[in-house]
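J.: Have a look at this one.
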Amino acid sequence: MSKTLRLSEKWFHRGLWLVALVFAGFLIGLGGTLVGDLPKVERQLTMEDFIDKAAAGPLRAAVTEADRAGRQAQRDLDQAELKLQAASQASQNARETFSNWVTTRHATQQPDQDAELIARTKALDALKAKEDAEQQKVDAQRQIALNARQAHEHELRRLGVLEDDARVKLRAEYRRVELRVFGYRLALTLPLLVVAGWLFARKRKGTYWPFVWGFIFFALFAFFVELVPYLPSYGGYVRYIVGIAITVLVGRHAILALNRYLARQKLAEAQPDQVRREELSYDTALARLAKSVCPGCERPVDLKNTTIDFCPHCGIGLIDNCRACDTRKSAFSRFCHGCGTAARTPDAPSHPVTSVPTLA
């Protein structure tokens with residue numbers, strides 16, 4: 001159709017399409033902000049909202065106490081092991097010293113050193129007893145640390161059961177919240193889509209068509225971008241079923257529209273030539289002729305063939321002759337391209353238009 005428009009009209013149309021896109025962009029921005037804020041109407045839920053607080057409180061206190069006792073037991077164990085290490089080192093050193101002393105005594109064979117031998121043996125026994133005592137403390141402390149760890153793990157397992165149950169309830173509530181938020185989006189988007197459909201059907205060619213198309217773009221964006229990605233899946237069943245339903249609805253509408261179009265075309269082709277011409281707009285006729293199709297039935301016609309004056313499909317006149325200069329021209333032209341005479345119309349004068357008076 002752009003070939004039939006005046007140059008200024010083309011640029012105006014392009015500017016108006018730009019207005020439509022800018023208008024749609026602002027509407028999309030506003031709609032996106034609104035849709036993005038919709039989840040805020042729901043309170044943010046956590047696991048604490050679903051856990052059994054009466055049972056979880058004592059368990060958490062027990063876990064905390066067991067953890068504290070475990071850390072204290074580990075610190076005491078570390079101290080006991082250090083003391084055991086020191087006692088073991090002292091006992092080891094004493095044994096080495098005693099062994100060296102006994103070897104020297106056997107070499108010198110001095111009986112007067114028997115008392116010292118007894119004293120050294122007692123001291124070595126005392127060190128060994130101290131080492132054994134420290135070992136017993138370490139073993140006891142290890143048992144305390146083990147009991148603390150086991151108690152901590154036991155309380156954690158009991159608390160974990162409660163938390164797992166709370167997580168299940170939280171996930172279920174999240175699904176319900178998602179459904180409610182999707183319902184909010186649906187309640188906001190569907191009316192926009194209905195209004196956009198009505199505007200497309202009734203107002204898309206009106207005076208304010210840029211705003212109409214801008215709103216249509218916005219409604220489509222809101223549906224396919226702001227709504228469809230948040231459609232609950234449930235394993236894909238919902239999305240596939242909704243896709244099938246939309247496809248059936250769109251396909252049914254397309255089939256009915258095609259049948260209505262064919263019925264209108266059949267009815268139009270049965271009307272007289274002049275009536276059909278009057279129902280065709282000038283721009284529509286020129287646009288179809290530019291595509292080498294009949295303006296009446298929209299079937300292909302070889303307009304370059306100079307022997308074809310009427311559509312071979314519906315019989316509407318395509319070519320006629322100027323009533324003034326007899327030049328062969330398009331039957332839909334308003335003026336003769338040879339002499340500029342106005343084309344024949346029901347209310348046109350019967351003589352050629354030769355001049356137009358001007359005001360002095």
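How things are named: the first chain in the structure tokens is A, the next is B, and so on; residues count from 1 in each chain; ligands count from 1 in the order shown.
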Please list as a ChimeraX atom specification every residue within 12 Å of segment 11-22 of chain A, counting only C-alpha atoms and excluding residues in the same chain fewer than 5 positions away.
T.: /A:1-2,5-6,27-29,204,207-218
J.: Taking 6 positions as the minimum chain separation for residues in the same chain, which residues sit within 10 Å of Lys169 of chain A when counting only C-alpha atoms? Answer as a list of chain:residue names.
T.: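 After dropping sequence-adjacent residues, the list is A:Met47, A:Asp49, A:Phe50, A:Ile51, A:Glu163, A:Arg175.
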J.: Write a file of the selected residues as a tab-separated table (two decimals), in the first residue's frame, keeping C-alpha atoms.
T.:
```tsv
chain	number	residue	atom	x	y	z
A	47	MET	CA	10.01	-21.96	57.22
A	49	ASP	CA	5.77	-19.79	59.67
A	50	PHE	CA	5.08	-23.54	59.40
A	51	ILE	CA	7.33	-25.25	61.94
A	163	GLU	CA	12.15	-28.65	59.61
A	175	ARG	CA	2.64	-23.00	45.06
```
J.: Which residues are near Pro300 of chain A? Cut-off 10 Å, only C-alpha atoms, ignore same chain within fewer than 6 positions. Put them as an NGL selection string.
T.: :A and (288-289 or 291-294 or 311-313)
J.: Would you mind exporting N, CA and C atoms of the selected residues as a PDB file, in the first residue's frame?
T.:
```pdb
ATOM      1  N   ARG A 288      -3.889  -3.138  -4.479  1.00  0.00           N
ATOM      2  CA  ARG A 288      -4.044  -4.485  -5.037  1.00  0.00           C
ATOM      3  C   ARG A 288      -3.541  -4.539  -6.470  1.00  0.00           C
ATOM      4  N   LEU A 289      -3.790  -3.479  -7.234  1.00  0.00           N
ATOM      5  CA  LEU A 289      -3.273  -3.443  -8.599  1.00  0.00           C
ATOM      6  C   LEU A 289      -1.748  -3.439  -8.608  1.00  0.00           C
ATOM      7  N   LYS A 291       0.083  -4.988  -6.692  1.00  0.00           N
ATOM      8  CA  LYS A 291       0.523  -6.367  -6.428  1.00  0.00           C
ATOM      9  C   LYS A 291       0.106  -7.320  -7.544  1.00  0.00           C
ATOM     10  N   SER A 292      -0.436  -6.763  -8.641  1.00  0.00           N
ATOM     11  CA  SER A 292      -0.875  -7.568  -9.799  1.00  0.00           C
ATOM     12  C   SER A 292      -1.975  -8.545  -9.397  1.00  0.00           C
ATOM     13  N   VAL A 293      -2.909  -8.071  -8.571  1.00  0.00           N
ATOM     14  CA  VAL A 293      -4.078  -8.873  -8.232  1.00  0.00           C
ATOM     15  C   VAL A 293      -5.319  -8.050  -8.533  1.00  0.00           C
ATOM     16  N   CYS A 294      -6.424  -8.720  -8.769  1.00  0.00           N
ATOM     17  CA  CYS A 294      -7.675  -8.042  -9.062  1.00  0.00           C
ATOM     18  C   CYS A 294      -8.177  -7.310  -7.826  1.00  0.00           C
ATOM     19  N   CYS A 311     -11.260  -8.665 -15.372  1.00  0.00           N
ATOM     20  CA  CYS A 311     -10.727  -9.775 -14.575  1.00  0.00           C
ATOM     21  C   CYS A 311     -11.332 -11.077 -15.080  1.00  0.00           C
ATOM     22  N   PRO A 312     -10.501 -12.067 -15.412  1.00  0.00           N
ATOM     23  CA  PRO A 312     -11.042 -13.338 -15.918  1.00  0.00           C
ATOM     24  C   PRO A 312     -11.694 -14.182 -14.821  1.00  0.00           C
ATOM     25  N   HIS A 313     -11.572 -13.749 -13.570  1.00  0.00           N
ATOM     26  CA  HIS A 313     -12.106 -14.536 -12.460  1.00  0.00           C
ATOM     27  C   HIS A 313     -13.461 -14.022 -11.987  1.00  0.00           C
TER      28      HIS A 313
END
```
J.: Counting only C-alpha atoms, which of A:Phe335, A:Gln72, A:Phe182, A:Phe200 gets nearest to Ile144 of chain A?
T.: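 The closest residue to Ile144 of chain A is A:Gln72.
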J.: Atom CA of Thr341 of chain A and atom CA of Leu318 of chain A, how far apart in Å?
T.: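 Those two atoms sit 18.0 Å apart.
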J.: Step one, run DSSP on the backbone; step two, keep only residues of segment 167-353 of chain A assigned to strand (DSSP E or B); then write them as number ranges by chain.
T.: A: 293, 300, 310, 317, 319-321, 328-330, 335, 342
J.: For the residues selected in the previous step, produce a file with C-alpha atoms as an mmCIF file, in the first residue's frame.
T.:
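Output below, filename part_9.cif:
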```cif
data_model
loop_
_atom_site.group_PDB
_atom_site.id
_atom_site.type_symbol
_atom_site.label_atom_id
_atom_site.label_comp_id
_atom_site.auth_asym_id
_atom_site.auth_seq_id
_atom_site.Cartn_x
_atom_site.Cartn_y
_atom_site.Cartn_z
ATOM 1 C CA VAL A 293 -4.078 -8.873 -8.232
ATOM 2 C CA PRO A 300 -3.708 -12.872 -9.684
ATOM 3 C CA PHE A 310 -11.560 -7.397 -17.377
ATOM 4 C CA GLY A 317 -13.409 -3.982 -15.301
ATOM 5 C CA ILE A 319 -8.928 -1.209 -18.007
ATOM 6 C CA ASP A 320 -11.023 1.403 -19.819
ATOM 7 C CA ASN A 321 -10.462 4.333 -22.193
ATOM 8 C CA ARG A 328 -6.074 3.231 -22.434
ATOM 9 C CA LYS A 329 -5.850 3.542 -18.643
ATOM 10 C CA SER A 330 -6.706 1.852 -15.370
ATOM 11 C CA PHE A 335 -7.829 11.049 -13.805
ATOM 12 C CA ALA A 342 -11.562 13.204 -14.668
#
```
J.: Which one is closest to Ala62 of chain A: A:Glu153, A:Glu134, A:Glu269, A:Asp139? Count only C-alpha atoms.
T.: A:Glu153
J.: Could you name the residues that touch Val177 of chain A at 12 Å or less, counting only C-alpha atoms, but leaving out those on the same chain fewer than 2 positions away, as a ChimeraX atom specification?
T.: /A:38-45,170-175,179-184,232
J.: Write out, as an mmCIF file, in the first residue's frame, the residues just selected, with N, CA and C atoms.
T.:
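Final output, saved to out38.cif:
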```cif
data_model
loop_
_atom_site.group_PDB
_atom_site.id
_atom_site.type_symbol
_atom_site.label_atom_id
_atom_site.label_comp_id
_atom_site.auth_asym_id
_atom_site.auth_seq_id
_atom_site.Cartn_x
_atom_site.Cartn_y
_atom_site.Cartn_z
ATOM 1 N N LEU A 38 3.238 -6.977 41.824
ATOM 2 C CA LEU A 38 2.116 -7.811 42.261
ATOM 3 C C LEU A 38 2.492 -8.821 43.348
ATOM 4 N N PRO A 39 3.680 -9.491 43.272
ATOM 5 C CA PRO A 39 4.010 -10.435 44.350
ATOM 6 C C PRO A 39 4.118 -9.786 45.716
ATOM 7 N N LYS A 40 4.297 -8.462 45.765
ATOM 8 C CA LYS A 40 4.446 -7.793 47.054
ATOM 9 C C LYS A 40 3.141 -7.750 47.838
ATOM 10 N N VAL A 41 2.033 -8.017 47.171
ATOM 11 C CA VAL A 41 0.765 -8.032 47.908
ATOM 12 C C VAL A 41 0.690 -9.259 48.819
ATOM 13 N N GLU A 42 1.531 -10.254 48.563
ATOM 14 C CA GLU A 42 1.577 -11.438 49.408
ATOM 15 C C GLU A 42 2.732 -11.305 50.402
ATOM 16 N N ARG A 43 2.500 -11.721 51.647
ATOM 17 C CA ARG A 43 3.550 -11.657 52.660
ATOM 18 C C ARG A 43 4.627 -12.690 52.379
ATOM 19 N N GLN A 44 5.889 -12.277 52.550
ATOM 20 C CA GLN A 44 6.999 -13.192 52.331
ATOM 21 C C GLN A 44 7.018 -14.255 53.419
ATOM 22 N N LEU A 45 6.884 -15.496 53.039
ATOM 23 C CA LEU A 45 6.802 -16.600 53.996
ATOM 24 C C LEU A 45 8.171 -17.243 54.194
ATOM 25 N N LEU A 170 5.882 -25.267 53.467
ATOM 26 C CA LEU A 170 6.284 -24.000 52.848
ATOM 27 C C LEU A 170 6.220 -24.095 51.328
ATOM 28 N N ARG A 171 6.702 -25.229 50.755
ATOM 29 C CA ARG A 171 6.632 -25.397 49.297
ATOM 30 C C ARG A 171 5.188 -25.422 48.809
ATOM 31 N N ALA A 172 4.322 -26.094 49.566
ATOM 32 C CA ALA A 172 2.912 -26.121 49.182
ATOM 33 C C ALA A 172 2.308 -24.725 49.225
ATOM 34 N N GLU A 173 2.663 -23.959 50.247
ATOM 35 C CA GLU A 173 2.139 -22.583 50.342
ATOM 36 C C GLU A 173 2.714 -21.705 49.238
ATOM 37 N N TYR A 174 3.990 -21.937 48.883
ATOM 38 C CA TYR A 174 4.585 -21.193 47.770
ATOM 39 C C TYR A 174 3.810 -21.434 46.479
ATOM 40 N N ARG A 175 3.411 -22.698 46.257
ATOM 41 C CA ARG A 175 2.637 -23.001 45.055
ATOM 42 C C ARG A 175 1.289 -22.270 45.083
ATOM 43 N N LEU A 179 0.033 -19.373 42.500
ATOM 44 C CA LEU A 179 -1.263 -19.416 41.820
ATOM 45 C C LEU A 179 -2.046 -18.126 42.049
ATOM 46 N N ARG A 180 -1.995 -17.619 43.275
ATOM 47 C CA ARG A 180 -2.719 -16.368 43.546
ATOM 48 C C ARG A 180 -2.106 -15.207 42.771
ATOM 49 N N VAL A 181 -0.763 -15.133 42.758
ATOM 50 C CA VAL A 181 -0.106 -14.054 42.013
ATOM 51 C C VAL A 181 -0.385 -14.198 40.521
ATOM 52 N N PHE A 182 -0.395 -15.455 40.033
ATOM 53 C CA PHE A 182 -0.742 -15.658 38.630
ATOM 54 C C PHE A 182 -2.181 -15.219 38.371
ATOM 55 N N GLY A 183 -3.072 -15.478 39.335
ATOM 56 C CA GLY A 183 -4.451 -15.007 39.194
ATOM 57 C C GLY A 183 -4.521 -13.490 39.117
ATOM 58 N N TYR A 184 -3.689 -12.806 39.932
ATOM 59 C CA TYR A 184 -3.646 -11.348 39.844
ATOM 60 C C TYR A 184 -3.198 -10.906 38.455
ATOM 61 N N PRO A 232 1.575 -21.670 35.619
ATOM 62 C CA PRO A 232 1.978 -22.882 36.360
ATOM 63 C C PRO A 232 2.140 -24.064 35.419
#
```
J.: Applying 9 Å and only C-alpha atoms, which residues near Gln74 of chain A remain after dropping the ones on its own chain fewer than 3 positions away? List them as a PyMOL selection string.
T.: chain A and resi 69-71+77-79+141-142+144-145
J.: Selection from above, N, CA and C atoms, as a compact mmCIF listing (two decimals), in the first residue's frame, can you write it?
T.:
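Written file, result.txt:
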```
# COMPACT_ATOMS: atom_id res chain seq x y z
N ALA A 69 28.22 -27.80 74.91
CA ALA A 69 28.88 -28.85 75.70
C ALA A 69 29.93 -29.57 74.86
N GLY A 70 29.64 -29.78 73.59
CA GLY A 70 30.61 -30.45 72.73
C GLY A 70 31.87 -29.62 72.54
N ARG A 71 31.67 -28.29 72.33
CA ARG A 71 32.85 -27.44 72.18
C ARG A 71 33.67 -27.38 73.47
N LEU A 77 39.33 -31.73 76.29
CA LEU A 77 40.09 -32.86 75.75
C LEU A 77 41.45 -32.40 75.24
N ASP A 78 41.46 -31.26 74.58
CA ASP A 78 42.74 -30.73 74.08
C ASP A 78 43.70 -30.46 75.24
N GLN A 79 43.18 -29.88 76.33
CA GLN A 79 44.03 -29.64 77.49
C GLN A 79 44.53 -30.95 78.11
N GLN A 141 37.66 -37.79 79.07
CA GLN A 141 37.27 -36.58 78.35
C GLN A 141 36.84 -36.92 76.92
N ARG A 142 37.49 -37.89 76.34
CA ARG A 142 37.07 -38.34 74.99
C ARG A 142 35.65 -38.90 75.03
N ILE A 144 33.34 -38.00 77.14
CA ILE A 144 32.44 -36.85 77.32
C ILE A 144 32.22 -36.14 75.98
N ALA A 145 33.31 -35.95 75.22
CA ALA A 145 33.19 -35.29 73.91
C ALA A 145 32.35 -36.12 72.95
```
J.: Can you pull out every residue within 8 Å of Leu286 of chain A, counting only C-alpha atoms, but drop anything in the same chain fewer than 2 positions away, and send it as a PyMOL selection string?
T.: chain A and resi 1+4+282-284+288-290+295+332
J.: How about saving the chosen residues, C-alpha atoms kept, as an mmCIF file, in the first residue's frame?
T.:
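Ended up saving to selection.cif:
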```cif
data_model
loop_
_atom_site.group_PDB
_atom_site.id
_atom_site.type_symbol
_atom_site.label_atom_id
_atom_site.label_comp_id
_atom_site.auth_asym_id
_atom_site.auth_seq_id
_atom_site.Cartn_x
_atom_site.Cartn_y
_atom_site.Cartn_z
ATOM 1 C CA MET A 1 0.000 0.000 0.000
ATOM 2 C CA THR A 4 -0.062 4.388 -3.434
ATOM 3 C CA TYR A 282 -9.294 4.148 -4.013
ATOM 4 C CA ASP A 283 -6.171 3.313 -2.009
ATOM 5 C CA THR A 284 -7.203 -0.327 -1.614
ATOM 6 C CA ARG A 288 -4.044 -4.485 -5.037
ATOM 7 C CA LEU A 289 -3.273 -3.443 -8.599
ATOM 8 C CA ALA A 290 0.315 -2.727 -7.547
ATOM 9 C CA PRO A 295 -9.079 -5.321 -6.751
ATOM 10 C CA PHE A 332 -9.733 2.737 -11.098
#
```
J.: Restricting the calculation to only C-alpha atoms, which member of A:Ile241, A:Val248, A:Val194, A:Ala55 is positioned closest to Val161 of chain A?
T.: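 Using only C-alpha atoms, the shortest distance to Val161 of chain A belongs to A:Ala55.
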J.: Fewer than 4 positions away in the same chain doesn't count, so skip those; otherwise give me all residues within 10 Å of Gly338 of chain A, counting only C-alpha atoms, as a list in words.
T.: Cys322, Ala324, Cys325, Asp326, Thr327, Arg328 and Lys329 of chain A
J.: Write a file of the just-selected residues containing C-alpha atoms, as a compact mmCIF listing (two decimals), in the first residue's frame.
T.:
```txt
# COMPACT_ATOMS: atom_id res chain seq x y z
CA CYS A 322 -10.43 8.02 -21.42
CA ALA A 324 -11.72 12.67 -23.79
CA CYS A 325 -8.58 11.34 -25.48
CA ASP A 326 -9.40 7.63 -25.67
CA THR A 327 -6.14 6.73 -23.90
CA ARG A 328 -6.07 3.23 -22.43
CA LYS A 329 -5.85 3.54 -18.64
```
J.: Run DSSP on the backbone and give me the residues of segment 141-334 of chain A it puts in alpha helix (DSSP H), as a PyMOL selection string.
T.: chain A and resi 141-202+209-224+237-269+273-279+282-290
